[in-house]
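Okay, structure first, notes after.
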Amino acid sequence: MRKLPKDDSEDTESFDEEDQWQLYASSGFGNSIFLSEEKSSASNETEQEWFDGDDFDNDNQALNWDAPPCPTPLGISHVIKMGICDYCLSRICGLRNEDNNPKSGSEIRKQALDRDNELSLSSKQELCPFCENLFDDIGNISQRVLEGLEGIEVNTIQFGIHMPKDLIQEEDRIRTRYGAQGSLPLKSALVEGIHSDIKSANKQITFVKERPNVMVLVDALTLRADIDIRPTYLYGRYKKFERGIPQTRWPCRACRGRGNHCTACNETGLQYQDSVQDLIGEPIREVLKGSDTSFHGMGREDIDVRCLGEGRPFVIEIKRPELRNYSPEKLQTIVNSKTKEFVEVSELQWCEKKRIVEVKESRSEKSYTIRFKLIDSPEINFDDIKEAINNLSGQEIEQQTPKRVSHRRSDIKRTRKIISINEILSEGDEIQISLRCEAGTYVKELIHSDDGRTQPSISGIIGCKCEVIWLDVSDIHYDS
């Protein structure tokens, strides 16, 4: 090796660490990084594969995690070694019998044992790795559902089951790896098994995905079955012959519907003991053994207004009915026999929930008969009054929300049309008229103007204060 000149020694001492490393690198030490990588790769090749106790079955035989999927014989043998139950063996193996139905798990297991004498029944674990033995609870779940449905008329059921997310994900992972292509997932197979068990006990039941009679939700962990009886609906038309009856229940003002120790309502919680809702709904609820009712009418008349003609369309909702296969004609007869002095029902028929929207959103025209009195009126010629009132026929009026309902409705202006005025009668200082109006017209305010909030009004055009005596809804022009 060539010696460094003596006069260069100071320069050599002044080399920094990196420069000195270059000196060693020139002697071949720079290849050490490559040798390190080669040794590391060699050690990786000889390193043994890590495993845990799950790599052995109950007989301490190593599981072949590279086994092909079912329905190959080796794949079937492999899942049997894993401890699969007969239910899951049937659903993931993809084997079918002569009737093109899935083979039973016991049959598949027997055939596998005949092929391989080393397979034994002792390989079956306490918990199936695919379902954790949930299929053993099918009978228990079905029994709980049927007990919950006892005494209830059921034609259709919507069924749901809640299962742990980690169980579903793990089963999907194993089934995707070792199950036959297109094999049924755990949740679908379990639901299918419960459906079959319930149908065998009650052949009248059909399982649906929408508009069921009953909804059933099962918790797979606790096996709790929640039964939700869905409401049933009846469409019809009612006439109200008596004034002083509200359309729906009116909570007591004193106790706000609570009823406890309230002397104002005799602890009923109601401001008025009768309502159209209860006069119609209660007899039906009692027959169908429901828990309560809800009433949905096409608008509503005031409490002091009668409803005549063909009647007002409505939908009555019966909540949690135990019976539902009942003749609507018989229900109509029962209602009318109990309430004929106050309310009469016609056209009663079963309907779907969507009928509520149709009834609520209808903008059908209505006919009215109203009688009012002229207050402090000067000598006015009836012919002049009649002509002035007739001039409103076909006109549009502007109505601001009446004071009497402003506490529960938006204070806005509405444009409504007076379709026609058919008849005008007079008796002393009282006048009676029949008219047909657009839906949503405040007829009382058309008479007395509500302090000018309705323009034009009859009070304004005849120049006299008017007081409404009574109002009847003569007809509602709705084609059902």
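Chain labels run A, B, ... following the order of the structure tokens; each chain numbers its residues from 1, and ligands are numbered from 1 in the order shown.
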message = Quick check for you: according to DSSP on this backbone, which residues of range 291-405 of chain A are classed as strand (DSSP E or B)? Reply as a PyMOL selection string.
response = chain A and resi 292-297+306-319+343-351+366-375+396-400
request  = Extract, using only C-alpha atoms, all DNA, RNA and protein residues at most 8 Å from range 458-468 of chain A, discarding same-chain residues fewer than 5 positions from it, and format them as a list in words.
outcome  =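 The filter keeps Ile370, Arg371, Phe372, Lys373, Leu374, Ile375, Asp376, Ser377, Pro378, Ile385, Ala388, Ile389, Lys444, Leu446, Ile447, His448 and Ser449 of chain A.
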Serialized selection, N, CA and C atoms, as a tab-separated table (two decimals), in the first residue's frame:
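Output saved as out-v2.tsv:
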chain	number	residue	atom	x	y	z
A	370	ILE	N	-126.08	28.44	5.19
A	370	ILE	CA	-125.78	29.26	6.37
A	370	ILE	C	-126.92	30.25	6.60
A	371	ARG	N	-127.22	30.45	7.86
A	371	ARG	CA	-128.27	31.41	8.24
A	371	ARG	C	-127.65	32.46	9.15
A	372	PHE	N	-127.94	33.71	8.87
A	372	PHE	CA	-127.37	34.80	9.66
A	372	PHE	C	-128.41	35.88	9.88
A	373	LYS	N	-128.10	36.73	10.85
A	373	LYS	CA	-129.02	37.79	11.25
A	373	LYS	C	-128.39	39.15	11.00
A	374	LEU	N	-129.23	40.09	10.53
A	374	LEU	CA	-128.77	41.46	10.32
A	374	LEU	C	-128.88	42.21	11.64
A	375	ILE	N	-127.79	42.84	12.07
A	375	ILE	CA	-127.75	43.54	13.35
A	375	ILE	C	-127.81	45.04	13.11
A	376	ASP	N	-128.77	45.71	13.82
A	376	ASP	CA	-128.91	47.18	13.71
A	376	ASP	C	-128.98	47.61	12.25
A	377	SER	N	-129.79	46.90	11.50
A	377	SER	CA	-129.84	47.19	10.07
A	377	SER	C	-130.84	48.31	9.78
A	378	PRO	N	-130.47	49.21	8.89
A	378	PRO	CA	-131.46	50.20	8.43
A	378	PRO	C	-132.48	49.51	7.52
A	385	ILE	N	-130.55	43.32	-1.30
A	385	ILE	CA	-129.64	42.41	-0.60
A	385	ILE	C	-129.37	41.17	-1.45
A	388	ALA	N	-127.02	41.96	-4.27
A	388	ALA	CA	-125.65	42.18	-3.81
A	388	ALA	C	-124.96	40.85	-3.48
A	389	ILE	N	-125.73	39.96	-2.85
A	389	ILE	CA	-125.14	38.66	-2.51
A	389	ILE	C	-124.87	37.84	-3.76
A	444	LYS	N	-118.05	31.36	7.61
A	444	LYS	CA	-118.55	32.29	8.63
A	444	LYS	C	-117.95	33.67	8.45
A	446	LEU	N	-116.89	34.89	5.68
A	446	LEU	CA	-117.46	35.48	4.47
A	446	LEU	C	-118.71	36.28	4.80
A	447	ILE	N	-119.41	35.87	5.86
A	447	ILE	CA	-120.64	36.57	6.25
A	447	ILE	C	-120.31	37.84	7.03
A	448	HIS	N	-119.54	37.72	8.14
A	448	HIS	CA	-119.38	38.88	9.04
A	448	HIS	C	-118.06	39.62	8.84
A	449	SER	N	-117.20	39.16	7.94
A	449	SER	CA	-115.96	39.83	7.50
A	449	SER	C	-114.81	39.72	8.51
Near-Thr232 in chain A list (9 Å; only C-alpha atoms; drop same-chain fewer than 3 positions) as an mmCIF file with N, CA and C atoms, in the first residue's frame:
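Okay, part_36.cif is ready:
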data_model
loop_
_atom_site.group_PDB
_atom_site.id
_atom_site.type_symbol
_atom_site.label_atom_id
_atom_site.label_comp_id
_atom_site.auth_asym_id
_atom_site.auth_seq_id
_atom_site.Cartn_x
_atom_site.Cartn_y
_atom_site.Cartn_z
ATOM 1 N N ASN A 213 -99.132 -7.521 8.418
ATOM 2 C CA ASN A 213 -100.045 -7.425 9.555
ATOM 3 C C ASN A 213 -99.250 -7.270 10.853
ATOM 4 N N ILE A 316 -110.330 5.842 9.440
ATOM 5 C CA ILE A 316 -110.155 5.527 10.857
ATOM 6 C C ILE A 316 -109.051 4.491 10.980
ATOM 7 N N GLU A 317 -108.097 4.776 11.851
ATOM 8 C CA GLU A 317 -106.942 3.892 12.067
ATOM 9 C C GLU A 317 -107.118 3.143 13.387
ATOM 10 N N ILE A 318 -107.132 1.826 13.328
ATOM 11 C CA ILE A 318 -107.254 0.998 14.526
ATOM 12 C C ILE A 318 -105.864 0.469 14.879
ATOM 13 N N LYS A 319 -105.383 0.822 16.065
ATOM 14 C CA LYS A 319 -104.020 0.461 16.454
ATOM 15 C C LYS A 319 -104.003 -0.875 17.190
ATOM 16 N N ARG A 320 -103.017 -1.708 16.847
ATOM 17 C CA ARG A 320 -102.779 -3.017 17.451
ATOM 18 C C ARG A 320 -104.046 -3.880 17.513
ATOM 19 N N PRO A 321 -104.723 -4.071 16.382
ATOM 20 C CA PRO A 321 -105.930 -4.913 16.404
ATOM 21 C C PRO A 321 -105.563 -6.397 16.466
ATOM 22 N N ARG A 324 -108.659 -8.771 12.388
ATOM 23 C CA ARG A 324 -108.700 -7.899 11.218
ATOM 24 C C ARG A 324 -109.483 -8.511 10.060
ATOM 25 N N TRP A 350 -112.270 -1.599 3.904
ATOM 26 C CA TRP A 350 -110.857 -1.677 4.257
ATOM 27 C C TRP A 350 -110.031 -0.884 3.249
ATOM 28 N N CYS A 351 -108.949 -0.292 3.698
ATOM 29 C CA CYS A 351 -108.076 0.476 2.801
ATOM 30 C C CYS A 351 -106.642 0.396 3.290
ATOM 31 N N GLU A 352 -105.727 0.908 2.484
ATOM 32 C CA GLU A 352 -104.313 0.971 2.836
ATOM 33 C C GLU A 352 -103.996 2.317 3.481
ATOM 34 N N LYS A 353 -102.842 2.396 4.098
ATOM 35 C CA LYS A 353 -102.434 3.617 4.786
ATOM 36 C C LYS A 353 -102.352 4.814 3.837
#
message = Taking 5 positions as the minimum chain separation for residues in the same chain, which residues sit within 12 Å of Gln332 in chain A when counting only C-alpha atoms? Answer as a list of chain:residue names.
response =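 Once the adjacent positions are removed, what remains is A:Leu234, A:Tyr235, A:Gly236, A:Arg237, A:Tyr238, A:Leu279, A:Ile280, A:Gly281, A:Pro283, A:Ile284, A:Val287, A:Tyr326, A:Ser327, A:Ser337, A:Lys338, A:Thr339, A:Lys340, A:Val343, A:Glu344, A:Val345, A:Ser346, A:Glu347, A:Leu348, A:Gln349, A:Trp350.
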task = Would you list the contacts of range 240-246 of chain A as a PyMOL selection string, taking every protein, DNA or RNA residue within 6 Å and counting only C-alpha atoms, but skipping same-chain residues closer than 3 positions in sequence?
result = chain A and resi 275+303-307+342-343
ask   = Out of range 281-478 of chain A, which residues get helix (DSSP H, G or I) from DSSP, as number ranges by chain?
value = A: 281-288, 328-339, 354-361, 382-390, 403-405, 443-448, 458-462
Can you spit out the residues from that selection as a compact mmCIF listing (two decimals), in the first residue's frame, using N, CA and C atoms?
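So again_7.txt came out as:
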# COMPACT_ATOMS: atom_id res chain seq x y z
N GLY A 281 -115.07 5.26 16.10
CA GLY A 281 -113.91 4.41 16.34
C GLY A 281 -114.06 3.42 17.47
N GLU A 282 -114.73 3.81 18.56
CA GLU A 282 -114.81 2.92 19.72
C GLU A 282 -115.56 1.62 19.44
N PRO A 283 -116.73 1.66 18.79
CA PRO A 283 -117.37 0.37 18.48
C PRO A 283 -116.50 -0.53 17.60
N ILE A 284 -115.78 0.07 16.65
CA ILE A 284 -114.90 -0.73 15.78
C ILE A 284 -113.72 -1.27 16.58
N ARG A 285 -113.14 -0.42 17.43
CA ARG A 285 -111.99 -0.86 18.24
C ARG A 285 -112.37 -2.02 19.15
N GLU A 286 -113.56 -1.96 19.74
CA GLU A 286 -113.99 -3.04 20.63
C GLU A 286 -114.16 -4.36 19.88
N VAL A 287 -114.71 -4.29 18.66
CA VAL A 287 -114.90 -5.51 17.88
C VAL A 287 -113.56 -6.10 17.47
N LEU A 288 -112.64 -5.26 17.00
CA LEU A 288 -111.36 -5.74 16.50
C LEU A 288 -110.32 -5.91 17.61
N PRO A 328 -116.52 -5.31 6.75
CA PRO A 328 -116.77 -3.88 6.98
C PRO A 328 -118.26 -3.54 7.00
N GLU A 329 -119.06 -4.31 6.28
CA GLU A 329 -120.51 -4.08 6.31
C GLU A 329 -121.06 -4.32 7.72
N LYS A 330 -120.57 -5.37 8.38
CA LYS A 330 -121.01 -5.64 9.74
C LYS A 330 -120.54 -4.54 10.69
N LEU A 331 -119.31 -4.09 10.50
CA LEU A 331 -118.80 -3.00 11.34
C LEU A 331 -119.64 -1.74 11.15
N GLN A 332 -120.02 -1.45 9.93
CA GLN A 332 -120.85 -0.27 9.65
C GLN A 332 -122.21 -0.38 10.34
N THR A 333 -122.79 -1.55 10.31
CA THR A 333 -124.08 -1.77 10.98
C THR A 333 -123.95 -1.58 12.48
N ILE A 334 -122.86 -2.09 13.07
CA ILE A 334 -122.64 -1.95 14.51
C ILE A 334 -122.51 -0.48 14.90
N VAL A 335 -121.73 0.28 14.12
CA VAL A 335 -121.52 1.70 14.42
C VAL A 335 -122.84 2.45 14.33
N ASN A 336 -123.58 2.27 13.25
CA ASN A 336 -124.82 3.02 13.04
C ASN A 336 -125.89 2.66 14.07
N SER A 337 -125.88 1.42 14.54
CA SER A 337 -126.88 1.02 15.55
C SER A 337 -126.62 1.70 16.89
N LYS A 338 -125.37 2.07 17.16
CA LYS A 338 -125.03 2.69 18.44
C LYS A 338 -125.02 4.21 18.40
N THR A 339 -124.87 4.80 17.21
CA THR A 339 -124.66 6.25 17.14
C THR A 339 -125.62 6.95 16.19
N LYS A 354 -101.98 4.55 2.59
CA LYS A 354 -101.82 5.66 1.63
C LYS A 354 -103.13 6.41 1.40
N ARG A 355 -104.26 5.78 1.74
CA ARG A 355 -105.55 6.46 1.55
C ARG A 355 -105.65 7.69 2.45
N ILE A 356 -104.91 7.68 3.57
CA ILE A 356 -104.92 8.85 4.45
C ILE A 356 -104.42 10.09 3.71
N VAL A 357 -103.34 9.92 2.95
CA VAL A 357 -102.77 11.04 2.19
C VAL A 357 -103.76 11.53 1.16
N GLU A 358 -104.42 10.62 0.47
CA GLU A 358 -105.41 11.00 -0.54
C GLU A 358 -106.53 11.83 0.08
N VAL A 359 -107.00 11.39 1.24
CA VAL A 359 -108.09 12.11 1.91
C VAL A 359 -107.62 13.46 2.42
N LYS A 360 -106.44 13.49 3.02
CA LYS A 360 -105.95 14.73 3.61
C LYS A 360 -105.61 15.80 2.56
N GLU A 361 -105.09 15.35 1.43
CA GLU A 361 -104.63 16.31 0.43
C GLU A 361 -105.68 16.67 -0.60
N PHE A 382 -134.99 43.76 0.45
CA PHE A 382 -134.50 42.39 0.30
C PHE A 382 -133.98 42.13 -1.12
N ASP A 383 -134.67 42.71 -2.09
CA ASP A 383 -134.21 42.51 -3.47
C ASP A 383 -132.82 43.07 -3.68
N ASP A 384 -132.54 44.23 -3.03
CA ASP A 384 -131.19 44.80 -3.13
C ASP A 384 -130.15 43.89 -2.47
N ILE A 385 -130.55 43.32 -1.30
CA ILE A 385 -129.64 42.41 -0.60
C ILE A 385 -129.37 41.17 -1.45
N LYS A 386 -130.43 40.63 -2.03
CA LYS A 386 -130.30 39.43 -2.84
C LYS A 386 -129.38 39.68 -4.03
N GLU A 387 -129.57 40.84 -4.66
CA GLU A 387 -128.73 41.15 -5.83
C GLU A 387 -127.26 41.32 -5.43
N ALA A 388 -127.02 41.96 -4.27
CA ALA A 388 -125.65 42.18 -3.81
C ALA A 388 -124.96 40.85 -3.48
N ILE A 389 -125.73 39.96 -2.85
CA ILE A 389 -125.14 38.66 -2.51
C ILE A 389 -124.87 37.84 -3.76
N ASN A 390 -125.80 37.88 -4.71
CA ASN A 390 -125.61 37.13 -5.96
C ASN A 390 -124.40 37.61 -6.74
N LYS A 403 -109.42 35.26 13.37
CA LYS A 403 -108.92 35.43 14.74
C LYS A 403 -109.17 34.19 15.59
N ARG A 404 -110.30 33.50 15.32
CA ARG A 404 -110.68 32.37 16.18
C ARG A 404 -109.72 31.16 16.01
N VAL A 405 -108.96 31.12 14.93
CA VAL A 405 -108.03 30.00 14.74
C VAL A 405 -106.60 30.47 14.61
N VAL A 443 -116.38 30.14 5.70
CA VAL A 443 -117.71 30.62 5.31
C VAL A 443 -118.27 31.60 6.33
N LYS A 444 -118.05 31.36 7.61
CA LYS A 444 -118.55 32.29 8.63
C LYS A 444 -117.95 33.67 8.45
N GLU A 445 -116.67 33.71 8.16
CA GLU A 445 -115.98 35.00 7.95
C GLU A 445 -116.45 35.67 6.66
N LEU A 446 -116.89 34.89 5.68
CA LEU A 446 -117.46 35.48 4.47
C LEU A 446 -118.71 36.28 4.80
N ILE A 447 -119.41 35.87 5.86
CA ILE A 447 -120.64 36.57 6.25
C ILE A 447 -120.31 37.84 7.03
N HIS A 448 -119.54 37.72 8.14
CA HIS A 448 -119.38 38.88 9.04
C HIS A 448 -118.06 39.62 8.84
N ILE A 458 -120.13 39.61 2.82
CA ILE A 458 -121.55 39.98 2.70
C ILE A 458 -121.85 41.16 3.60
N SER A 459 -121.27 41.17 4.79
CA SER A 459 -121.45 42.31 5.69
C SER A 459 -121.00 43.61 5.04
N GLY A 460 -119.90 43.55 4.30
CA GLY A 460 -119.38 44.76 3.67
C GLY A 460 -120.21 45.23 2.50
N ILE A 461 -120.69 44.28 1.67
CA ILE A 461 -121.39 44.72 0.45
C ILE A 461 -122.81 45.19 0.73
N ILE A 462 -123.41 44.73 1.86
CA ILE A 462 -124.78 45.22 2.16
C ILE A 462 -124.74 46.35 3.19
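Counting only C-alpha atoms, range 138-147 of chain A has the following residues at most 7 Å away, ignoring those fewer than 5 positions along the same chain: Gly193, Ile194, Asp197, Ile198, Leu223 and Ala225 of chain A.
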Got time to write the residues from that selection, N, CA and C atoms, as a PDB file, in the first residue's frame?
ATOM      1  N   GLY A 193     -84.642 -20.631   7.869  1.00  0.00           N
ATOM      2  CA  GLY A 193     -84.980 -21.752   8.737  1.00  0.00           C
ATOM      3  C   GLY A 193     -86.113 -21.420   9.703  1.00  0.00           C
ATOM      4  N   ILE A 194     -86.096 -20.196  10.251  1.00  0.00           N
ATOM      5  CA  ILE A 194     -87.163 -19.774  11.174  1.00  0.00           C
ATOM      6  C   ILE A 194     -88.481 -19.652  10.428  1.00  0.00           C
ATOM      7  N   ASP A 197     -89.931 -23.054   9.905  1.00  0.00           N
ATOM      8  CA  ASP A 197     -90.442 -23.642  11.140  1.00  0.00           C
ATOM      9  C   ASP A 197     -91.781 -23.026  11.534  1.00  0.00           C
ATOM     10  N   ILE A 198     -91.919 -21.708  11.354  1.00  0.00           N
ATOM     11  CA  ILE A 198     -93.177 -21.034  11.704  1.00  0.00           C
ATOM     12  C   ILE A 198     -94.289 -21.442  10.739  1.00  0.00           C
ATOM     13  N   LEU A 223     -82.388 -14.081  22.224  1.00  0.00           N
ATOM     14  CA  LEU A 223     -83.546 -14.810  21.683  1.00  0.00           C
ATOM     15  C   LEU A 223     -84.861 -14.130  22.023  1.00  0.00           C
ATOM     16  N   ALA A 225     -88.065 -11.988  21.255  1.00  0.00           N
ATOM     17  CA  ALA A 225     -88.881 -11.733  20.061  1.00  0.00           C
ATOM     18  C   ALA A 225     -89.860 -10.606  20.352  1.00  0.00           C
TER      19      ALA A 225
END
For Val214 in chain A: contacts at 12 Å, only C-alpha atoms, fewer than 6 positions along chain excluded, given as a PyMOL selection string = chain A and resi 145-146+148-149+152-160+205-208+226-232+319-324
